[in-house]
>>> print(open('entry_1.csv').read())   # CSV, C-alpha atoms and all ligand atoms
chain,number,residue,atom,x,y,z
V,1,MET,CA,-58.5,183.5,168.3
V,2,SER,CA,-58.6,180.8,165.7
V,3,ILE,CA,-58.0,182.0,162.2
V,4,LYS,CA,-60.9,181.5,159.7
V,5,THR,CA,-60.4,181.1,156.0
V,6,LEU,CA,-60.1,184.1,153.7
V,7,ARG,CA,-63.5,183.1,152.2
V,8,GLU,CA,-65.1,183.3,155.6
V,9,TYR,CA,-63.5,186.8,156.3
V,10,ILE,CA,-64.8,188.0,153.0
V,11,THR,CA,-68.4,186.7,153.8
V,12,GLU,CA,-68.2,188.3,157.2
V,13,ALA,CA,-67.1,191.6,155.7
V,14,GLY,CA,-70.2,191.5,153.4
V,15,GLU,CA,-72.4,190.9,156.4
V,16,LYS,CA,-70.9,193.7,158.4
V,17,GLY,CA,-70.9,196.1,155.4
V,18,VAL,CA,-67.1,196.6,155.5
V,19,ALA,CA,-64.2,195.8,153.3
V,20,ILE,CA,-60.9,194.0,153.8
V,21,GLY,CA,-57.8,196.0,152.8
V,22,HIS,CA,-55.5,194.5,150.2
V,23,PHE,CA,-52.0,196.2,150.2
V,24,ASN,CA,-49.1,195.4,147.8
V,25,ILE,CA,-45.5,194.9,148.8
V,26,SER,CA,-42.2,194.8,147.1
V,27,ASN,CA,-40.1,194.7,150.2
V,28,LEU,CA,-39.9,193.8,153.8
V,29,GLU,CA,-40.5,197.4,155.0
V,30,ALA,CA,-43.9,197.5,153.3
V,31,LEU,CA,-44.8,194.1,154.8
V,32,HIS,CA,-43.9,195.2,158.3
V,33,GLY,CA,-45.7,198.5,157.9
V,34,ILE,CA,-48.9,196.8,156.6
V,35,PHE,CA,-48.9,194.0,159.2
V,36,SER,CA,-48.3,196.4,162.0
V,37,GLY,CA,-51.1,198.7,160.9
V,38,ALA,CA,-53.6,195.9,160.5
V,39,GLN,CA,-52.6,194.3,163.8
V,40,SER,CA,-53.0,197.6,165.7
V,41,LEU,CA,-56.7,197.5,164.6
V,42,GLY,CA,-57.1,193.7,164.9
V,43,LEU,CA,-58.4,193.5,161.3
V,44,PRO,CA,-57.7,190.7,158.7
V,45,VAL,CA,-55.5,191.8,155.9
V,46,ILE,CA,-54.4,190.7,152.4
V,47,ILE,CA,-50.8,191.1,151.1
V,48,GLY,CA,-50.6,191.4,147.3
V,49,LEU,CA,-47.8,190.9,144.9
V,50,SER,CA,-48.1,191.7,141.2
V,51,GLU,CA,-45.9,189.7,138.8
V,52,GLY,CA,-43.2,192.4,138.9
V,53,GLU,CA,-43.3,192.6,142.7
V,54,GLU,CA,-43.3,188.8,143.0
V,55,GLY,CA,-40.2,188.6,140.8
V,56,PHE,CA,-38.5,191.1,143.1
V,57,VAL,CA,-39.4,189.5,146.4
V,58,GLY,CA,-39.4,185.9,145.3
V,59,THR,CA,-42.4,183.6,145.1
V,60,ASP,CA,-41.5,181.2,147.8
V,61,GLU,CA,-40.0,184.0,149.9
V,62,ALA,CA,-43.3,185.9,149.9
V,63,VAL,CA,-45.2,182.7,151.0
V,64,ALA,CA,-42.7,182.1,153.8
V,65,LEU,CA,-42.8,185.7,155.0
V,66,VAL,CA,-46.6,185.9,155.2
V,67,ARG,CA,-46.9,182.4,156.6
V,68,THR,CA,-44.4,183.2,159.3
V,69,LEU,CA,-46.4,186.3,160.3
V,70,ARG,CA,-49.6,184.3,160.3
V,71,GLU,CA,-48.3,181.4,162.3
V,72,LYS,CA,-46.1,183.3,164.8
V,73,ASN,CA,-48.9,185.8,165.6
V,74,ASN,CA,-51.9,183.5,165.0
V,75,TYR,CA,-53.1,186.3,162.8
V,76,PRO,CA,-55.4,186.4,159.7
V,77,ILE,CA,-52.9,187.7,157.1
V,78,PHE,CA,-53.3,186.3,153.6
V,79,LEU,CA,-51.4,186.3,150.4
V,80,ASN,CA,-52.7,187.1,146.9
V,81,ALA,CA,-51.1,186.9,143.4
V,82,ASP,CA,-52.2,190.3,142.1
V,83,HIS,CA,-52.8,190.7,138.4
V,84,HIS,CA,-51.2,187.5,137.0
V,85,ALA,CA,-51.6,187.4,133.3
V,86,SER,CA,-51.0,183.8,132.4
V,87,PHE,CA,-52.1,180.4,133.6
V,88,GLU,CA,-48.5,179.4,134.3
V,89,SER,CA,-47.8,182.4,136.5
V,90,ALA,CA,-51.0,181.9,138.5
V,91,LYS,CA,-50.3,178.2,138.8
V,92,LYS,CA,-46.9,178.9,140.1
V,93,CYS,CA,-48.4,181.0,143.0
V,94,ILE,CA,-51.1,178.4,143.7
V,95,ASP,CA,-48.4,175.7,143.9
V,96,ALA,CA,-46.2,177.9,146.1
V,97,GLY,CA,-48.9,178.3,148.7
V,98,PHE,CA,-50.7,181.6,147.9
V,99,ASP,CA,-54.2,181.9,149.3
V,100,MET,CA,-55.7,183.7,146.3
V,101,VAL,CA,-54.8,184.6,142.7
V,102,ILE,CA,-56.1,187.2,140.3
V,103,ILE,CA,-56.0,186.0,136.8
V,104,ASP,CA,-56.0,189.2,134.7
V,105,CYS,CA,-57.0,188.7,131.1
V,106,ALA,CA,-59.6,191.4,130.8
V,107,LYS,CA,-57.8,192.7,127.7
V,108,LEU,CA,-58.6,189.5,125.9
V,109,PRO,CA,-61.8,189.0,124.0
V,110,TYR,CA,-64.6,187.6,126.2
V,111,ALA,CA,-64.4,184.0,125.1
V,112,GLU,CA,-60.6,183.9,125.7
V,113,ASN,CA,-61.0,185.7,129.1
V,114,VAL,CA,-63.5,183.0,130.1
V,115,ALA,CA,-61.4,180.1,128.9
V,116,LEU,CA,-58.2,181.2,130.7
V,117,THR,CA,-60.1,182.2,133.9
V,118,LYS,CA,-61.9,178.9,134.0
V,119,LYS,CA,-58.6,177.0,133.6
V,120,CYS,CA,-57.3,178.8,136.7
V,121,VAL,CA,-60.5,178.2,138.7
V,122,ASP,CA,-60.4,174.5,137.8
V,123,TYR,CA,-56.8,174.2,138.8
V,124,ALA,CA,-57.4,176.1,142.1
V,125,ARG,CA,-60.4,173.8,142.9
V,126,GLU,CA,-58.3,170.7,142.2
V,127,VAL,CA,-55.4,171.8,144.4
V,128,SER,CA,-57.9,172.9,147.2
V,129,LYS,CA,-59.5,169.5,147.0
V,130,ASN,CA,-56.2,167.6,147.2
V,131,THR,CA,-54.6,169.7,149.9
V,132,GLY,CA,-57.5,170.9,152.1
V,133,ARG,CA,-56.6,174.5,151.3
V,134,ASP,CA,-59.3,176.9,150.1
V,135,ILE,CA,-57.7,178.9,147.2
V,136,LEU,CA,-59.8,181.8,145.9
V,137,VAL,CA,-59.7,183.0,142.3
V,138,GLU,CA,-60.6,186.5,141.2
V,139,ALA,CA,-60.9,187.7,137.6
V,140,GLU,CA,-61.4,191.0,135.9
V,141,LEU,CA,-64.1,192.2,133.5
V,142,GLY,CA,-63.8,195.6,132.0
V,143,TYR,CA,-60.9,198.0,131.7
V,144,ILE,CA,-59.4,199.5,134.9
V,145,GLY,CA,-56.1,200.5,133.5
V,146,SER,CA,-52.7,199.2,134.7
V,147,GLY,CA,-49.7,200.3,136.7
V,148,SER,CA,-49.6,201.6,140.3
V,149,ASN,CA,-47.9,204.8,139.3
V,150,ILE,CA,-48.7,208.5,139.0
V,151,LYS,CA,-50.6,209.5,135.8
V,152,ASP,CA,-51.5,212.9,134.5
V,153,THR,CA,-54.9,211.9,133.3
V,154,VAL,CA,-57.3,209.0,133.1
V,155,PRO,CA,-56.0,206.5,130.5
V,156,GLU,CA,-58.0,206.1,127.3
V,157,GLY,CA,-60.6,203.4,127.4
V,158,ALA,CA,-61.0,203.5,131.1
V,159,GLY,CA,-64.4,204.6,132.3
V,160,ILE,CA,-66.4,202.0,130.3
V,161,LEU,CA,-68.3,200.4,133.1
V,162,THR,CA,-68.9,196.6,133.3
V,163,ASP,CA,-72.3,195.5,132.2
V,164,PRO,CA,-74.2,193.8,135.1
V,165,GLU,CA,-75.7,191.2,132.7
V,166,GLU,CA,-72.3,190.3,131.2
V,167,ALA,CA,-70.9,190.1,134.8
V,168,LYS,CA,-73.5,187.6,135.7
V,169,ARG,CA,-72.7,185.5,132.6
V,170,PHE,CA,-69.0,185.8,133.3
V,171,VAL,CA,-69.4,184.4,136.8
V,172,VAL,CA,-71.5,181.5,135.6
V,173,ASP,CA,-69.1,180.7,132.7
V,174,THR,CA,-66.0,180.8,134.9
V,175,GLY,CA,-67.0,179.9,138.5
V,176,ILE,CA,-64.8,182.6,140.0
V,177,ASP,CA,-65.1,183.5,143.7
V,178,LEU,CA,-64.6,187.3,143.3
V,179,LEU,CA,-65.0,189.8,140.6
V,180,ALA,CA,-63.0,192.9,139.8
V,181,PRO,CA,-65.4,195.0,137.7
V,182,SER,CA,-64.9,198.4,136.1
V,183,ILE,CA,-67.0,200.7,138.2
V,184,GLY,CA,-65.2,204.0,137.7
V,185,SER,CA,-61.8,203.7,139.4
V,186,VAL,CA,-58.5,203.2,137.5
V,187,HIS,CA,-55.1,202.0,138.6
V,188,GLY,CA,-52.6,204.6,139.9
V,189,ILE,CA,-52.9,208.1,141.2
V,190,ILE,CA,-54.4,210.5,138.7
V,191,LYS,CA,-53.0,214.0,139.0
V,192,SER,CA,-56.1,215.6,137.4
V,193,GLY,CA,-58.4,213.8,139.9
V,194,LYS,CA,-59.9,210.4,140.1
V,195,PRO,CA,-63.2,209.6,138.4
V,196,HIS,CA,-66.1,208.9,140.8
V,197,ILE,CA,-67.2,205.4,141.6
V,198,ASN,CA,-70.6,204.5,140.1
V,199,ALA,CA,-72.1,202.9,143.2
V,200,GLU,CA,-75.4,202.1,141.4
V,201,VAL,CA,-73.6,200.1,138.7
V,202,ALA,CA,-71.5,198.4,141.5
V,203,LYS,CA,-74.7,197.4,143.3
V,204,ASN,CA,-76.3,196.0,140.1
V,205,ILE,CA,-73.2,194.0,139.3
V,206,ARG,CA,-73.0,192.6,142.9
V,207,GLU,CA,-76.7,191.6,142.8
V,208,SER,CA,-76.6,190.1,139.3
V,209,SER,CA,-73.2,188.3,139.6
V,210,GLY,CA,-73.8,186.9,143.1
V,211,VAL,CA,-70.1,187.2,144.1
V,212,PRO,CA,-68.3,189.8,146.3
V,213,LEU,CA,-66.7,192.6,144.3
V,214,VAL,CA,-63.1,193.8,144.6
V,215,LEU,CA,-62.2,197.5,144.0
V,216,HIS,CA,-58.9,198.2,142.3
V,217,GLY,CA,-57.3,201.5,141.7
V,218,GLY,CA,-58.3,202.7,145.2
V,219,SER,CA,-55.4,205.1,145.6
V,220,GLY,CA,-56.5,208.7,145.4
V,221,LEU,CA,-60.2,208.1,145.6
V,222,ARG,CA,-62.4,210.3,147.7
V,223,ASP,CA,-63.6,208.9,151.0
V,224,GLU,CA,-67.2,208.8,150.0
V,225,ASP,CA,-66.3,206.8,146.9
V,226,PHE,CA,-64.9,204.1,149.1
V,227,THR,CA,-67.8,204.1,151.5
V,228,ASN,CA,-70.3,204.1,148.7
V,229,ALA,CA,-68.5,201.2,146.9
V,230,ILE,CA,-68.3,199.2,150.1
V,231,LYS,CA,-72.1,199.7,150.7
V,232,SER,CA,-72.7,198.5,147.2
V,233,GLY,CA,-71.0,195.2,147.5
V,234,VAL,CA,-67.2,195.8,147.4
V,235,GLN,CA,-65.6,193.5,150.0
V,236,ILE,CA,-61.9,193.9,149.2
V,237,VAL,CA,-60.2,197.2,148.4
V,238,HIS,CA,-56.8,197.4,146.7
V,239,ILE,CA,-54.3,200.1,147.7
V,240,ASN,CA,-50.8,200.2,146.2
V,241,SER,CA,-49.8,203.6,144.8
V,242,GLU,CA,-50.5,205.4,148.0
V,243,LEU,CA,-48.1,203.1,149.8
V,244,ARG,CA,-45.4,203.6,147.2
V,245,LEU,CA,-45.8,207.3,147.4
V,246,ALA,CA,-45.6,207.2,151.2
V,247,PHE,CA,-42.5,205.0,151.0
V,248,ARG,CA,-40.7,207.3,148.6
V,249,GLN,CA,-41.6,210.5,150.5
V,250,ALA,CA,-40.4,209.1,153.8
V,251,VAL,CA,-37.1,207.8,152.3
V,252,GLU,CA,-36.5,211.2,150.6
V,253,LYS,CA,-37.2,213.1,153.9
V,254,THR,CA,-35.0,210.8,156.0
V,255,MET,CA,-32.1,211.0,153.5
V,256,GLN,CA,-32.3,214.8,153.6
V,257,GLU,CA,-32.4,214.9,157.4
V,258,MET,CA,-29.5,212.4,157.8
V,259,PRO,CA,-27.1,213.1,154.9
V,260,GLU,CA,-24.3,211.1,156.6
V,261,GLU,CA,-26.4,208.1,157.7
V,262,ILE,CA,-25.7,204.8,155.9
V,263,ASN,CA,-27.5,202.3,158.2
V,264,PRO,CA,-30.6,201.0,156.4
V,265,VAL,CA,-32.4,200.4,159.7
V,266,LYS,CA,-32.3,204.2,160.4
V,267,LEU,CA,-33.0,205.2,156.8
V,268,LEU,CA,-36.0,202.9,156.3
V,269,THR,CA,-37.7,202.8,159.7
V,270,PRO,CA,-39.6,206.1,159.0
V,271,ALA,CA,-40.8,204.4,155.7
V,272,VAL,CA,-42.2,201.5,157.7
V,273,GLU,CA,-44.0,204.0,159.9
V,274,ALA,CA,-45.3,206.0,156.9
V,275,ILE,CA,-46.7,202.9,155.3
V,276,LYS,CA,-48.3,201.8,158.6
V,277,ALA,CA,-50.0,205.2,158.9
V,278,VAL,CA,-51.5,204.9,155.4
V,279,VAL,CA,-52.8,201.4,156.2
V,280,ILE,CA,-54.4,202.5,159.5
V,281,ASN,CA,-56.0,205.4,157.8
V,282,ARG,CA,-57.4,203.3,155.0
V,283,LEU,CA,-58.5,200.4,157.2
V,284,LYS,CA,-60.4,202.7,159.5
V,285,LEU,CA,-62.3,204.1,156.5
V,286,PHE,CA,-63.0,200.6,155.1
V,287,ASN,CA,-64.3,199.5,158.5
V,288,ASN,CA,-66.4,202.5,159.6
V,289,LEU,CA,-64.1,203.1,162.5
V,290,ASN,CA,-63.9,206.6,163.8
V,291,GLN,CA,-61.1,208.5,162.2
V,301,ZN,ZN,-55.4,196.0,140.6
>>> encode(input="entry_1.csv", output="structure tokens", more="lines below")
Ligand SMILES: [Zn+2]
Amino acid sequence: MSIKTLREYITEAGEKGVAIGHFNISNLEALHGIFSGAQSLGLPVIIGLSEGEEGFVGTDEAVALVRTLREKNNYPIFLNADHHASFESAKKCIDAGFDMVIIDCAKLPYAENVALTKKCVDYAREVSKNTGRDILVEAELGYIGSGSNIKDTVPEGAGILTDPEEAKRFVVDTGIDLLAPSIGSVHGIIKSGKPHINAEVAKNIRESSGVPLVLHGGSGLRDEDFTNAIKSGVQIVHINSELRLAFRQAVEKTMQEMPEEINPVKLLTPAVEAIKAVVINRLKLFNNLNQ
């Protein structure tokens, strides 16, 4: 098969009423687990690195790893700079060869969010024009919390949903390709239970903004929240905390079972499998494949 652009896969997902899975990595084990899970279902997949994860893996190293998998297997695997907070950090990823960046300045006042986001969009367009690449820019409007970790309760301020009219204005003002609105989910796994996705607000934002939506904070959501969100115009779903949890639990179990083992291959292979299992489970749900 010939690989299409990420933009084309996103459009296709919208037409089919499904979503592309976005999974974060901070090591090679996660990358192998995610790729192998997506490949077993033949679905396109996006690998994400936050600023912290990118610092740990290496910017150019991440590009080389994903590019190698893409070219060697002729497979639609893409790379996203997840939640980058400055123009410089987003630019660094664009220059290095990332397919997509998320400029995250939702905490700033509206005008500053627009100015910084637009600067990234303009830069991505310029590089795309000069190189023949098609770099996508996503931005955030509304508070969805931060940190892919385990939280006791929903953080303060989360739960204020994005206004569809403001979303429309934001897309016009910035020219972004994808929007991450606040529609009920928050980053991390919430011990006391995740809030529900407001599918009606999502649908209104999708219609008024005219761009595909991206769901962040997917870890721990109920299945019907995912399916309702996807039906309402979400075309990419982010999963991070669930993979981190699966990794940790698999490593802990293996270390208990093999107290004398020192070979990382043996210690970490079950973690790759655990991540693969989460990815398969999530992708089946996002693509209406029988579970
Ligand atoms: Zn996120």
>>> closest_atom_pairs(input="entry_1.csv", of="chain V", to="ligand ZN 301 (chain V)", cutoff="8 Å", atoms="only C-alpha atoms and all ligand atoms", output="tab-separated table")
residue	atom	partner	partner_atom	distance
V:Asp82	CA	V:ZN301	ZN	6.7
V:His83	CA	V:ZN301	ZN	6.3
V:Ile144	CA	V:ZN301	ZN	7.8
V:Ser146	CA	V:ZN301	ZN	7.2
V:His187	CA	V:ZN301	ZN	6.3
V:Leu215	CA	V:ZN301	ZN	7.7
V:His216	CA	V:ZN301	ZN	4.5
V:Gly217	CA	V:ZN301	ZN	5.9
V:His238	CA	V:ZN301	ZN	6.4
>>> closest_residue(input="entry_1.csv", among="V:Gly147, V:Pro181, V:Gly220, V:Pro259", to="Glu51 (chain V)", atoms="all atoms listed in the file")
V:Gly147
>>> residues_near_point(input="entry_1.csv", point="(-74.6, 191.4, 155.6)", cutoff="12 Å", atoms="only C-alpha atoms", output="list in words")
Ile10, Thr11, Glu12, Ala13, Gly14, Glu15, Lys16, Gly17, Val18, Ala19, Pro212, Ile230, Lys231, Ser232, Gly233, Val234 and Gln235 of chain V
>>> residues_around(input="entry_1.csv", residues="Gly193 (chain V)", least_positions_apart="6", cutoff="10 Å", atoms="all atoms listed in the file", output="number ranges by chain")
V: 151-154, 220-222
>>> write_last_selection(input="entry_1.csv", atoms="C-alpha atoms", output="mmCIF file, keeping the file's coordinate frame")
data_model
loop_
_atom_site.group_PDB
_atom_site.id
_atom_site.type_symbol
_atom_site.label_atom_id
_atom_site.label_comp_id
_atom_site.auth_asym_id
_atom_site.auth_seq_id
_atom_site.Cartn_x
_atom_site.Cartn_y
_atom_site.Cartn_z
ATOM 1 C CA LYS V 151 -50.600 209.500 135.800
ATOM 2 C CA ASP V 152 -51.500 212.900 134.500
ATOM 3 C CA THR V 153 -54.900 211.900 133.300
ATOM 4 C CA VAL V 154 -57.300 209.000 133.100
ATOM 5 C CA GLY V 220 -56.500 208.700 145.400
ATOM 6 C CA LEU V 221 -60.200 208.100 145.600
ATOM 7 C CA ARG V 222 -62.400 210.300 147.700
#
>>> residues_near_point(input="entry_1.csv", point="(-46.7, 198.1, 148.5)", cutoff="7 Å", atoms="all atoms listed in the file", output="list of chain:residue names")
V:Phe23, V:Asn24, V:Ile25, V:Ser26, V:Ala30, V:Asn240, V:Leu243, V:Arg244
>>> atom_distance(input="entry_1.csv", atom1="CA of Ser219 (chain V)", atom2="CA of Val171 (chain V)")
26.5 Å
>>> atom_distance(input="entry_1.csv", atom1="CA of Asn27 (chain V)", atom2="CA of Glu61 (chain V)")
10.7 Å
